[in-house]
Every structure is written in C-alpha cells, then in structure tokens.
There are 2 protein chains.
Amino acid sequence: MKALAVDLGGSHAACAVVDEERVLARETVSLEAARGLAGALPILAAALGRAALAAGVRTSDCEGLALGFCGLVDPSAGRVLSTNMKYDDAPAIDLGRWCHAAFGLPFRIENDARLALLGERAAGAARGFDDVVMMTLGTGVGGVAMIEGRLLRGKHFQAGVLGGHLVAAFDGRPCTCGGLGCVEAEASTWSLPAVARAMPGFDGSALARVARLDFETVFAAAARGDAVAAATRDRCLRVWAAGAVSMVHAWDPELLVVGGGVMRRAAEVLPAIEAHVHAHAWTPWGKVGVRAAALGGEAALLGATALLRGA
Amino acid sequence: MKALAVDLGGSHAACAVVDEERVLARETVSLEAARGLAGALPILAAALGRAALAAGVRTSDCEGLALGFCGLVDPSAGRVLSTNMKYDDAPAIDLGRWCHAAFGLPFRIENDARLALLGERAAGAARGFDDVVMMTLGTGVGGVAMIEGRLLRGKHFQAGVLGGHLVAAFDGRPCTCGGLGCVEAEASTWSLPAVARAMPGFDGSALARVARLDFETVFAAAARGDAVAAATRDRCLRVWAAGAVSMVHAWDPELLVVGGGVMRRAAEVLPAIEAHVHAHAWTPWGKVGVRAAALGGEAALLGATALLRGA
C-alpha cells in the first residue's frame with residue numbers, strides 16, 4: 001500500500017510518500033512563517049506533491065493521507081482536539097475536507113507519538129510485539145501505549161498518549177499542559193534551561209556561558225567534568241527513568257521503546273533507564289525489554305499505512 | 001444472580017452472600033493467626049457457610065464464588081501472581097480447585113480494587129459510567145481503570161490496576177513494590193509514620209506523642225492547629241491529587257471515584273483532589289467528575305456478580 005504521510009511538528013513538517021515499510025521520498029518544510037495550521041496546509045500540500053513527483057508516484061495511486069499531529073486528536077472525526085499551545089486554530093479545521101479537496105484521498109489523523117509507535121511496530125524496534133510503550137525524549141516527552149495489538153485511546157482519545165504528562169514530581173514545575181511536575185516539565189528540551197538554572201552552582205558552570213542550553217550541551221559539559229552539567233544530566237535521567245516506571249505500571253508492556261532527539265546520547269540514556277526499570281518496576285512476570293527506537297524521524301511516516309488500514 | 005463473595009485483605013476477610021446489588025449476609029473474619037493463604041482458606045470456607053446459613057441461601061443456589069485479592073492476579077487462570085509481601089504462598093495455590101472441592105461452584109478471582117470498581121459501577125458511585133478510575137486511599141493506595149465498560153488488564157494483568165504505584169516523587173521513598181516514590185510510598189497509612197517523622201519540627205508536634213500515627217490522628221491534630229500535622233496532611237493531599245492527575249492522564253476517565261478508609265475525612269480530602277484535578281489535568285473535552293465511593297467496605301462484595309458474569 002502506498003500512502004501520503006505527514007509528520008507535523010511544532011516548527012517543521014516531514015512530508016513523504018511511503019510504500020509499506022519504505023519511505024519512497026520525503027521533504028521537510030519549515031512552518032515557522034506559517035500562520036497557524038490553516039497557513040501550513042498549502043505548504044504541506046505542495047511538499048506532498050513534490051515528494052510524489054520525486055518518488056515517481058501519482059498521489060491518486062496512494063490509498064490515503066495519514067497525518068501525525070503534535071497534540072490530542074480525535075481520529076474518528078479527523079480533527080485536532082487540543083494543541084498544547086501549537087496551532088491554536090487547528091481544532092476548527094476540517095482536515096478530512098482539506099485532504100479530499102487537495103488530493104481526493106481518504107484522511108486519517110493520529111497523535112504523532114502514537115503514529116511513531118505504529119511505525120516502530122511495522123518496521124522498527126517493536127516489530128513482533130503487541131504490548132509496547134514508546135517513550136520519546138525531545139522537545140517534549142511522549143509516552144504512548146499499545147495493549148494487545150491495539151493503540152490505547154480511551155473515551156476522549158487521551159488514554160495511553162500522555163506518558164510525558166504523568167507526574168514525576170508532585171511539588172514540581174508548571175507544565176505547558178496545565179499540570180504540575182509532569183515528566184516533560186521536569187526533563188525535556190523545553191524545560192531544560194529552567195531546570196539547569198535552578199541547580200546549585202549554576203552560575204559557576206560552563207552551562208551558564210553557552211548560547212543554547214540543550215541536552216547536547218549538557219551531556220558534553222558533563223563529559224568534560226562540569227559538576228552542574230552532570231547533576232543536571234543525572235536529574236533528567238532519574239526523571240525519565242521514573243516516568244518509564246510509571247508508564248510500565250500504567251500500561252503493562254512487554255517492551256519499552258525509547259526514541260527522540262535525546263537518544264543521540266543513547267549510550268548514556270538507555271542503560272540508565274533500563275537499569276532503573278529493571279530494578280524498580282513491579283513486573284512479577286519478568287523484565288520489560290528496553291530498546292532504542294530504530295526509525296528516528298521516519299517512525300511516524302512509516303506508521304501511515306498501519307493507520308490507514310485502521311490501527 | 002446469587003453469589004458467594006470474599007474480599008480478602010491483609011489481616012481480615014469479608015465473606016458474604018450477595019444477590020446482585022444487595023449483600024444478604026456477611027461476616028468478617030480475622031486472618032491474623034492464619035498461616036498464609038493455605039491456612040486462611042478453611043476459615044473463609046467456614047465463614048461463607050455461616051453467611052449462607054444467615055442469609056437462608058444454600059451455597060449450591062449460588063452461581064459461583066468471586067474473590068477479591070490484595071495483589072496482582074491472573075483472572076483467566078484463577079491464580080495469584082504477586083502479593084506485595086502478603087500471603088507469599090498464594091501463587092502456588094490452585095484456588096479454582098479449592099472452590100470446587102469446598103462448594104462445587106465456579107470460581108473467579110480479581111484484584112480487590114478492580115472488584116470494588118465493578119461494585120461501585122453496579123450499585124454505587126459509578127453507576128451508568130463506562131470510563132471510570134477508582135482511587136482507594138487506605139493502608140495502600142489503589143488506582144484502577146475501566147475503559148469503555150471493560151476493566152483494563154493488559155498482557156500481564158497489571159495494566160490499569162497499579163495507580164498507587166505511579167511515581168509521585170522521582171527522588172522519593174522506597175515502596176513495598178520495589179519502586180521509588182510511588183503514590184502510596186509517599187502517602188498511605190503504611191508510609192505515613194515515616195513521612196510524618198521526616199517533617200521539619202516533628203519532635204515538637206503532637207504527632208510525636210501519639211501511640212498510633214494514622215490519618216485520623218494527623219487530620220485531628222491539624223484541625224487543632226498542630227502545624228506539623230497540617231503540613232503532613234497537606235503534603236499527602238498534594239501527593240494524592242498528583243496521583244489522581246497521573247491516573248486521569250494515563251486512563252482518560254470521565255469519572256474519578258475516591259474511596260478507602262482515608263475518606264472518613266472526605267470533607268477535607270475530596271475537595272482538595274477535585275480542585276487539583278480540575279485545575280491541573282489536561283482534559284480539553286471537559287472536567288473529570290470527582291465523587292466519593294458510595295459502598296465502603298461492601299464495594300468489592302457487590303462486584304461479585306459482575307465478575308462472575310465475565311466483566
């Protein structure tokens with residue numbers, strides 16, 4: 001099955017033509033200048049057209065368009081429910097109608113993290129597993145669940161998709177979602193600067209003198225012996241590990257897949273999470289497998305055909 | 001439908017004959033002196049026999065026996081999986097065989113908190129709701145989920161039942177489950193003495209002079225103006241409220257039912273949890289209802305017929 005696929009992030013979108021487990025062509029477009037989702041749609045349509053040309057595929061030969069969105073969605077109605085501050089105009093837009101007008105194709109929408117789990121299961125680290133939690137460590141923290149081969153969605157489509165918004169610190173920092181002490185409020189790219197600056201001794205640390213305080217900076221400074229950077233890194237690792245235990249306790253997976261930009265430091269991140277989950281998750285049946293995601297930025301694109309088939 | 005029902009706690013068991021939404025007769029037996037679950041079974045069988053006599057029901061007129069157990073169970077195999085330190089001999093016992101030999105009746109087992117949710121849905125606070133989380137605040141903290149009218153169980157039967165073991169404090173206290181900073185490790189009857197003693201100024205508090213440090217003591221001392229008791233109470237309320245938000249984010253209920261012994265102070269506990277959930281849970285569809293459990297210690301008994309029908 002061929003499909004059009006869009007992975008829509010906060011500032012960029014990947015637009016692709018896929019054929020089952022392969023990306024035939026993709027193009028990443030910037031949406032920094034677009035006004036809301038309405039302004040982004042023509043950009044996405046044009047990029048999909050160019051990707052189809054590059055792949056030598058007519059869009060009419062595709063079975064549909066699958067879009068992964070960085071927020072809560074209603075897959076049955078084809079609408080965005082809540083955007084956590086991104087694309088505030090999205091809930092009012094009938095995306096199925098847009099897709100039909102632009103391409104004459106069926107449309108499916110899912111949360112981007114759920115779509116990435118479908119991709120990892122179809123073609124990546126979760127192949128052959130029916131009970132999987134995928135945790136994504138990046139700008140935010142994603143945490144999505146598949147139970148017995150089905151995405152967990154719940155009554156309002158928010159079950160099994162808010163793993164990054166399980167609470168890690170009950171007296172913790174405000175989150176963009178309205179919560180307090182969510183995993184991503186305590187350890188993610190967006191919260192990292194505030195977390196690091198609150199560490200004792202920050203002003204004397206190399207971190208106080210960097211232009212851009214991101215995880216790459218923190219891991220690199222920690223490796224050079226900066227104590228504040230090491231303490232910041234270790235605190236974030238403990239938050240992610242605690243979040244992983246909460247997700248295992250909430251959703252009972254046999255496999256935990258860890259992805260996202262922070263996994264560029266997989267050699268430091270993955271063993272810390274695995275050791276903590278194996279030591280502290282209550283799993284009398286055995287040990288949860290812990291693996292790195294295999295598909296990187298292509299995971300959500302490669303979930304497109306599974307979503308269009310009704311996953 | 002008439003049924004035998006057992007709600008098996010750590011030190012006591014309630015044994016009853018129920019008819020749909022009514023408890024016809026019940027007897028509570030102490031299991032303090034029993035050696036493991038094997039030693040408890042004859043005591044349970046005798047108490048069920050006496051309850052049947054008191055109800056004027058022959059056990060052979062019952063459709064089966066439903067047992068709520070304070071640990072992880074495999075309802076399909078009729079076995080205990082893990083006991084979190086109680087009844088260590090339980091996993092080796094074939095309870096279906098025991099039930100057949102004792103009563104000639106079909107047997108079903110479920111986690112006690114899941115069974116209580118079935119009871120509250122059949123006859124209590126969750127009547128008419130299909131998407132419910134029930135939180136139980138007592139010796140431990142229970143947190144169980146029903147999604148679209150079905151108990152969430154997962155591959156190893158531990159999905160949707162470990163709400164008390166979602167992490168509330170990533171650098172928190174060791175839990176009996178092996179976790180760190182679980183909701184119940186930070187706020188439950190078993191963890192309360194350690195939590196209170198760690199509060200600054202404890203030695204000068206009235207709490208330092210009580211024989212038994214339980215929530216009743218803490219709430220009463222706080223009401224009399226004891227600052228350490230008030231701080232302890234408020235810390236526990238924040239932990240439970242954070243746990244409630246995590247459960248809402250994990251399982252997407254429309255209703256949160258709160259029960260357990262701590263709800264003797266419902267007038268203080270329920271508004272605090274409700275206000276926090278309404279302020280901090282990310283529920284763009286509306287507000288999660290927050291209600292007190294209605295059935296108290298009878299909830300699990302009244303879940304018996306729903307369980308025997310295959311819930």
# chains A, B, ... in the order shown; residues from 1 in each chain; ligands from 1
call {"tool": "interface_residues", "arguments": {"of": "chain B", "to": "chain A", "cutoff": "6 Å", "atoms": "only C-alpha atoms", "output": "list in words"}}
result
Gly154, Gln158, Ala159, Gly160, Leu162, Leu166, Val167, Ala168, Ala169, Phe170, Cys177, Gly178, Gly179, Val239, Ala242, Ser246, His249, Ala250, Trp251, Asp252, His280, Ala281 and Trp282 of chain B
call {"tool": "residues_around", "arguments": {"residues": "Trp98 of chain A", "least_positions_apart": "2", "cutoff": "12 Å", "atoms": "only C-alpha atoms", "output": "list in words"}}
result
Leu37, Ala38, Ala40, Leu41, Pro42, Leu44, Ala45, Leu65, Gly78, Arg79, Ile93, Asp94, Leu95, Gly96, His100, Ala101, Ala102, Phe103, Gly104, Leu105, Pro106, Phe107 and Arg108 of chain A
call {"tool": "select_by_dssp", "arguments": {"residues": "segment 72-254 of chain B", "states": "strand (DSSP E)", "output": "MDAnalysis selection string"}}
result
chainID B and resid 72:74 79:82 107:111 132:137 141:147 150:151
call {"tool": "closest_residue", "arguments": {"among": "B:Val210, B:Ala222, B:Leu118, B:Ala300", "to": "Leu4 of chain B", "atoms": "only C-alpha atoms"}}
result
B:Ala300
call {"tool": "select_by_dssp", "arguments": {"residues": "segment 19-94 of chain B", "states": "alpha helix (DSSP H)", "output": "ChimeraX atom specification"}}
result
/B:36-55
call {"tool": "atom_distance", "arguments": {"atom1": "atom CA of Ser191 of chain A", "atom2": "atom CA of Asp214 of chain A"}}
result
9.6 Å
call {"tool": "residues_around", "arguments": {"residues": "Leu308 of chain B", "least_positions_apart": "3", "cutoff": "7 Å", "atoms": "only C-alpha atoms", "output": "list of chain:residue names"}}
result
B:Gly64, B:Ala66, B:Arg108, B:Ala304, B:Thr305
call {"tool": "residues_around", "arguments": {"residues": "Ala25 of chain A", "least_positions_apart": "5", "cutoff": "7 Å", "atoms": "only C-alpha atoms", "output": "PDB file with N, CA and C atoms, in the first residue's frame"}}
result
ATOM      1  N   ALA A  16       5.904  13.023   3.074  1.00  0.00           N
ATOM      2  CA  ALA A  16       6.516  11.886   2.396  1.00  0.00           C
ATOM      3  C   ALA A  16       5.503  11.076   1.615  1.00  0.00           C
ATOM      4  N   VAL A  17       6.043  10.286   0.691  1.00  0.00           N
ATOM      5  CA  VAL A  17       5.286   9.197   0.084  1.00  0.00           C
ATOM      6  C   VAL A  17       5.920   7.916   0.590  1.00  0.00           C
ATOM      7  N   ALA A  51       7.040  15.558  -3.200  1.00  0.00           N
ATOM      8  CA  ALA A  51       7.537  14.242  -2.785  1.00  0.00           C
ATOM      9  C   ALA A  51       7.009  13.161  -3.723  1.00  0.00           C
ATOM     10  N   ALA A  54       9.001  13.274  -6.860  1.00  0.00           N
ATOM     11  CA  ALA A  54      10.336  12.714  -6.641  1.00  0.00           C
ATOM     12  C   ALA A  54      10.286  11.186  -6.557  1.00  0.00           C
ATOM     13  N   ALA A  55       9.178  10.660  -6.014  1.00  0.00           N
ATOM     14  CA  ALA A  55       9.052   9.202  -5.867  1.00  0.00           C
ATOM     15  C   ALA A  55       8.552   8.557  -7.148  1.00  0.00           C
TER      16      ALA A  55
END
call {"tool": "residues_around", "arguments": {"residues": "Ala220 of chain B", "least_positions_apart": "4", "cutoff": "10 Å", "atoms": "only C-alpha atoms", "output": "PyMOL selection string"}}
result
chain B and resi 215-216+224-226+229-230+233+265
call {"tool": "decode", "arguments": {"residues": "segment 250-287 of chain B", "atoms": "N, CA and C atoms", "output": "PDB file, in the first residue's frame"}}
result
ATOM      1  N   ALA B 250      -3.283   8.917  32.382  1.00  0.00           N
ATOM      2  CA  ALA B 250      -2.965   7.565  31.900  1.00  0.00           C
ATOM      3  C   ALA B 250      -4.175   6.883  31.266  1.00  0.00           C
ATOM      4  N   TRP B 251      -5.384   7.112  31.856  1.00  0.00           N
ATOM      5  CA  TRP B 251      -6.514   6.235  31.512  1.00  0.00           C
ATOM      6  C   TRP B 251      -7.763   6.948  31.009  1.00  0.00           C
ATOM      7  N   ASP B 252      -7.773   8.292  31.025  1.00  0.00           N
ATOM      8  CA  ASP B 252      -8.827   9.040  30.329  1.00  0.00           C
ATOM      9  C   ASP B 252     -10.250   8.760  30.819  1.00  0.00           C
ATOM     10  N   PRO B 253     -10.483   8.821  32.129  1.00  0.00           N
ATOM     11  CA  PRO B 253     -11.843   8.569  32.615  1.00  0.00           C
ATOM     12  C   PRO B 253     -12.718   9.812  32.498  1.00  0.00           C
ATOM     13  N   GLU B 254     -14.040   9.599  32.560  1.00  0.00           N
ATOM     14  CA  GLU B 254     -14.937  10.746  32.728  1.00  0.00           C
ATOM     15  C   GLU B 254     -15.273  10.940  34.199  1.00  0.00           C
ATOM     16  N   LEU B 255     -14.999   9.895  35.001  1.00  0.00           N
ATOM     17  CA  LEU B 255     -15.331   9.947  36.426  1.00  0.00           C
ATOM     18  C   LEU B 255     -14.197   9.354  37.253  1.00  0.00           C
ATOM     19  N   LEU B 256     -13.853  10.068  38.320  1.00  0.00           N
ATOM     20  CA  LEU B 256     -12.882   9.574  39.299  1.00  0.00           C
ATOM     21  C   LEU B 256     -13.631   9.330  40.612  1.00  0.00           C
ATOM     22  N   VAL B 257     -13.650   8.077  41.051  1.00  0.00           N
ATOM     23  CA  VAL B 257     -14.299   7.719  42.316  1.00  0.00           C
ATOM     24  C   VAL B 257     -13.207   7.541  43.363  1.00  0.00           C
ATOM     25  N   VAL B 258     -13.373   8.161  44.513  1.00  0.00           N
ATOM     26  CA  VAL B 258     -12.355   8.087  45.559  1.00  0.00           C
ATOM     27  C   VAL B 258     -12.941   7.376  46.778  1.00  0.00           C
ATOM     28  N   GLY B 259     -12.273   6.308  47.181  1.00  0.00           N
ATOM     29  CA  GLY B 259     -12.746   5.543  48.340  1.00  0.00           C
ATOM     30  C   GLY B 259     -11.606   5.220  49.285  1.00  0.00           C
ATOM     31  N   GLY B 260     -11.859   4.305  50.206  1.00  0.00           N
ATOM     32  CA  GLY B 260     -10.845   3.873  51.166  1.00  0.00           C
ATOM     33  C   GLY B 260     -11.031   4.544  52.514  1.00  0.00           C
ATOM     34  N   GLY B 261     -10.341   4.010  53.507  1.00  0.00           N
ATOM     35  CA  GLY B 261     -10.524   4.455  54.887  1.00  0.00           C
ATOM     36  C   GLY B 261     -10.252   5.932  55.104  1.00  0.00           C
ATOM     37  N   VAL B 262      -9.318   6.502  54.330  1.00  0.00           N
ATOM     38  CA  VAL B 262      -8.994   7.924  54.491  1.00  0.00           C
ATOM     39  C   VAL B 262     -10.209   8.798  54.183  1.00  0.00           C
ATOM     40  N   MET B 263     -11.165   8.251  53.428  1.00  0.00           N
ATOM     41  CA  MET B 263     -12.342   9.034  53.068  1.00  0.00           C
ATOM     42  C   MET B 263     -13.310   9.219  54.239  1.00  0.00           C
ATOM     43  N   ARG B 264     -12.987   8.676  55.411  1.00  0.00           N
ATOM     44  CA  ARG B 264     -13.708   9.139  56.604  1.00  0.00           C
ATOM     45  C   ARG B 264     -13.528  10.655  56.759  1.00  0.00           C
ATOM     46  N   ARG B 265     -12.480  11.191  56.161  1.00  0.00           N
ATOM     47  CA  ARG B 265     -12.257  12.638  56.138  1.00  0.00           C
ATOM     48  C   ARG B 265     -12.603  13.209  54.757  1.00  0.00           C
ATOM     49  N   ALA B 266     -13.649  12.672  54.149  1.00  0.00           N
ATOM     50  CA  ALA B 266     -13.999  13.065  52.774  1.00  0.00           C
ATOM     51  C   ALA B 266     -14.171  14.568  52.619  1.00  0.00           C
ATOM     52  N   ALA B 267     -14.692  15.215  53.640  1.00  0.00           N
ATOM     53  CA  ALA B 267     -14.946  16.662  53.510  1.00  0.00           C
ATOM     54  C   ALA B 267     -13.659  17.444  53.313  1.00  0.00           C
ATOM     55  N   GLU B 268     -12.543  16.899  53.796  1.00  0.00           N
ATOM     56  CA  GLU B 268     -11.258  17.566  53.566  1.00  0.00           C
ATOM     57  C   GLU B 268     -10.530  16.997  52.348  1.00  0.00           C
ATOM     58  N   VAL B 269     -10.686  15.691  52.119  1.00  0.00           N
ATOM     59  CA  VAL B 269      -9.906  15.026  51.076  1.00  0.00           C
ATOM     60  C   VAL B 269     -10.480  15.281  49.679  1.00  0.00           C
ATOM     61  N   LEU B 270     -11.788  15.096  49.540  1.00  0.00           N
ATOM     62  CA  LEU B 270     -12.377  15.132  48.202  1.00  0.00           C
ATOM     63  C   LEU B 270     -12.264  16.505  47.531  1.00  0.00           C
ATOM     64  N   PRO B 271     -12.590  17.607  48.224  1.00  0.00           N
ATOM     65  CA  PRO B 271     -12.469  18.917  47.550  1.00  0.00           C
ATOM     66  C   PRO B 271     -11.031  19.220  47.130  1.00  0.00           C
ATOM     67  N   ALA B 272     -10.052  18.775  47.920  1.00  0.00           N
ATOM     68  CA  ALA B 272      -8.656  19.044  47.560  1.00  0.00           C
ATOM     69  C   ALA B 272      -8.283  18.307  46.279  1.00  0.00           C
ATOM     70  N   ILE B 273      -8.693  17.045  46.180  1.00  0.00           N
ATOM     71  CA  ILE B 273      -8.383  16.279  44.967  1.00  0.00           C
ATOM     72  C   ILE B 273      -9.144  16.849  43.782  1.00  0.00           C
ATOM     73  N   GLU B 274     -10.421  17.147  43.990  1.00  0.00           N
ATOM     74  CA  GLU B 274     -11.235  17.663  42.882  1.00  0.00           C
ATOM     75  C   GLU B 274     -10.670  18.985  42.353  1.00  0.00           C
ATOM     76  N   ALA B 275     -10.341  19.895  43.256  1.00  0.00           N
ATOM     77  CA  ALA B 275      -9.845  21.205  42.812  1.00  0.00           C
ATOM     78  C   ALA B 275      -8.544  21.045  42.029  1.00  0.00           C
ATOM     79  N   HIS B 276      -7.677  20.167  42.506  1.00  0.00           N
ATOM     80  CA  HIS B 276      -6.390  19.982  41.822  1.00  0.00           C
ATOM     81  C   HIS B 276      -6.592  19.345  40.443  1.00  0.00           C
ATOM     82  N   VAL B 277      -7.445  18.335  40.380  1.00  0.00           N
ATOM     83  CA  VAL B 277      -7.693  17.679  39.088  1.00  0.00           C
ATOM     84  C   VAL B 277      -8.316  18.666  38.109  1.00  0.00           C
ATOM     85  N   HIS B 278      -9.271  19.458  38.591  1.00  0.00           N
ATOM     86  CA  HIS B 278      -9.909  20.410  37.676  1.00  0.00           C
ATOM     87  C   HIS B 278      -8.938  21.504  37.248  1.00  0.00           C
ATOM     88  N   ALA B 279      -7.991  21.842  38.101  1.00  0.00           N
ATOM     89  CA  ALA B 279      -7.034  22.895  37.741  1.00  0.00           C
ATOM     90  C   ALA B 279      -5.893  22.364  36.882  1.00  0.00           C
ATOM     91  N   HIS B 280      -5.485  21.117  37.082  1.00  0.00           N
ATOM     92  CA  HIS B 280      -4.209  20.670  36.509  1.00  0.00           C
ATOM     93  C   HIS B 280      -4.274  19.469  35.576  1.00  0.00           C
ATOM     94  N   ALA B 281      -5.404  18.795  35.456  1.00  0.00           N
ATOM     95  CA  ALA B 281      -5.473  17.696  34.483  1.00  0.00           C
ATOM     96  C   ALA B 281      -5.754  18.273  33.104  1.00  0.00           C
ATOM     97  N   TRP B 282      -5.097  17.718  32.116  1.00  0.00           N
ATOM     98  CA  TRP B 282      -5.255  18.192  30.735  1.00  0.00           C
ATOM     99  C   TRP B 282      -6.400  17.421  30.085  1.00  0.00           C
ATOM    100  N   THR B 283      -7.603  17.992  30.192  1.00  0.00           N
ATOM    101  CA  THR B 283      -8.802  17.328  29.688  1.00  0.00           C
ATOM    102  C   THR B 283      -9.594  18.309  28.832  1.00  0.00           C
ATOM    103  N   PRO B 284      -9.127  18.535  27.605  1.00  0.00           N
ATOM    104  CA  PRO B 284      -9.788  19.545  26.761  1.00  0.00           C
ATOM    105  C   PRO B 284     -11.263  19.253  26.500  1.00  0.00           C
ATOM    106  N   TRP B 285     -11.699  18.021  26.711  1.00  0.00           N
ATOM    107  CA  TRP B 285     -13.106  17.668  26.469  1.00  0.00           C
ATOM    108  C   TRP B 285     -14.023  18.186  27.574  1.00  0.00           C
ATOM    109  N   GLY B 286     -13.475  18.566  28.746  1.00  0.00           N
ATOM    110  CA  GLY B 286     -14.340  18.998  29.858  1.00  0.00           C
ATOM    111  C   GLY B 286     -13.686  18.695  31.185  1.00  0.00           C
ATOM    112  N   LYS B 287     -14.481  18.500  32.216  1.00  0.00           N
ATOM    113  CA  LYS B 287     -13.942  18.245  33.551  1.00  0.00           C
ATOM    114  C   LYS B 287     -14.259  16.805  33.980  1.00  0.00           C
TER     115      LYS B 287
END
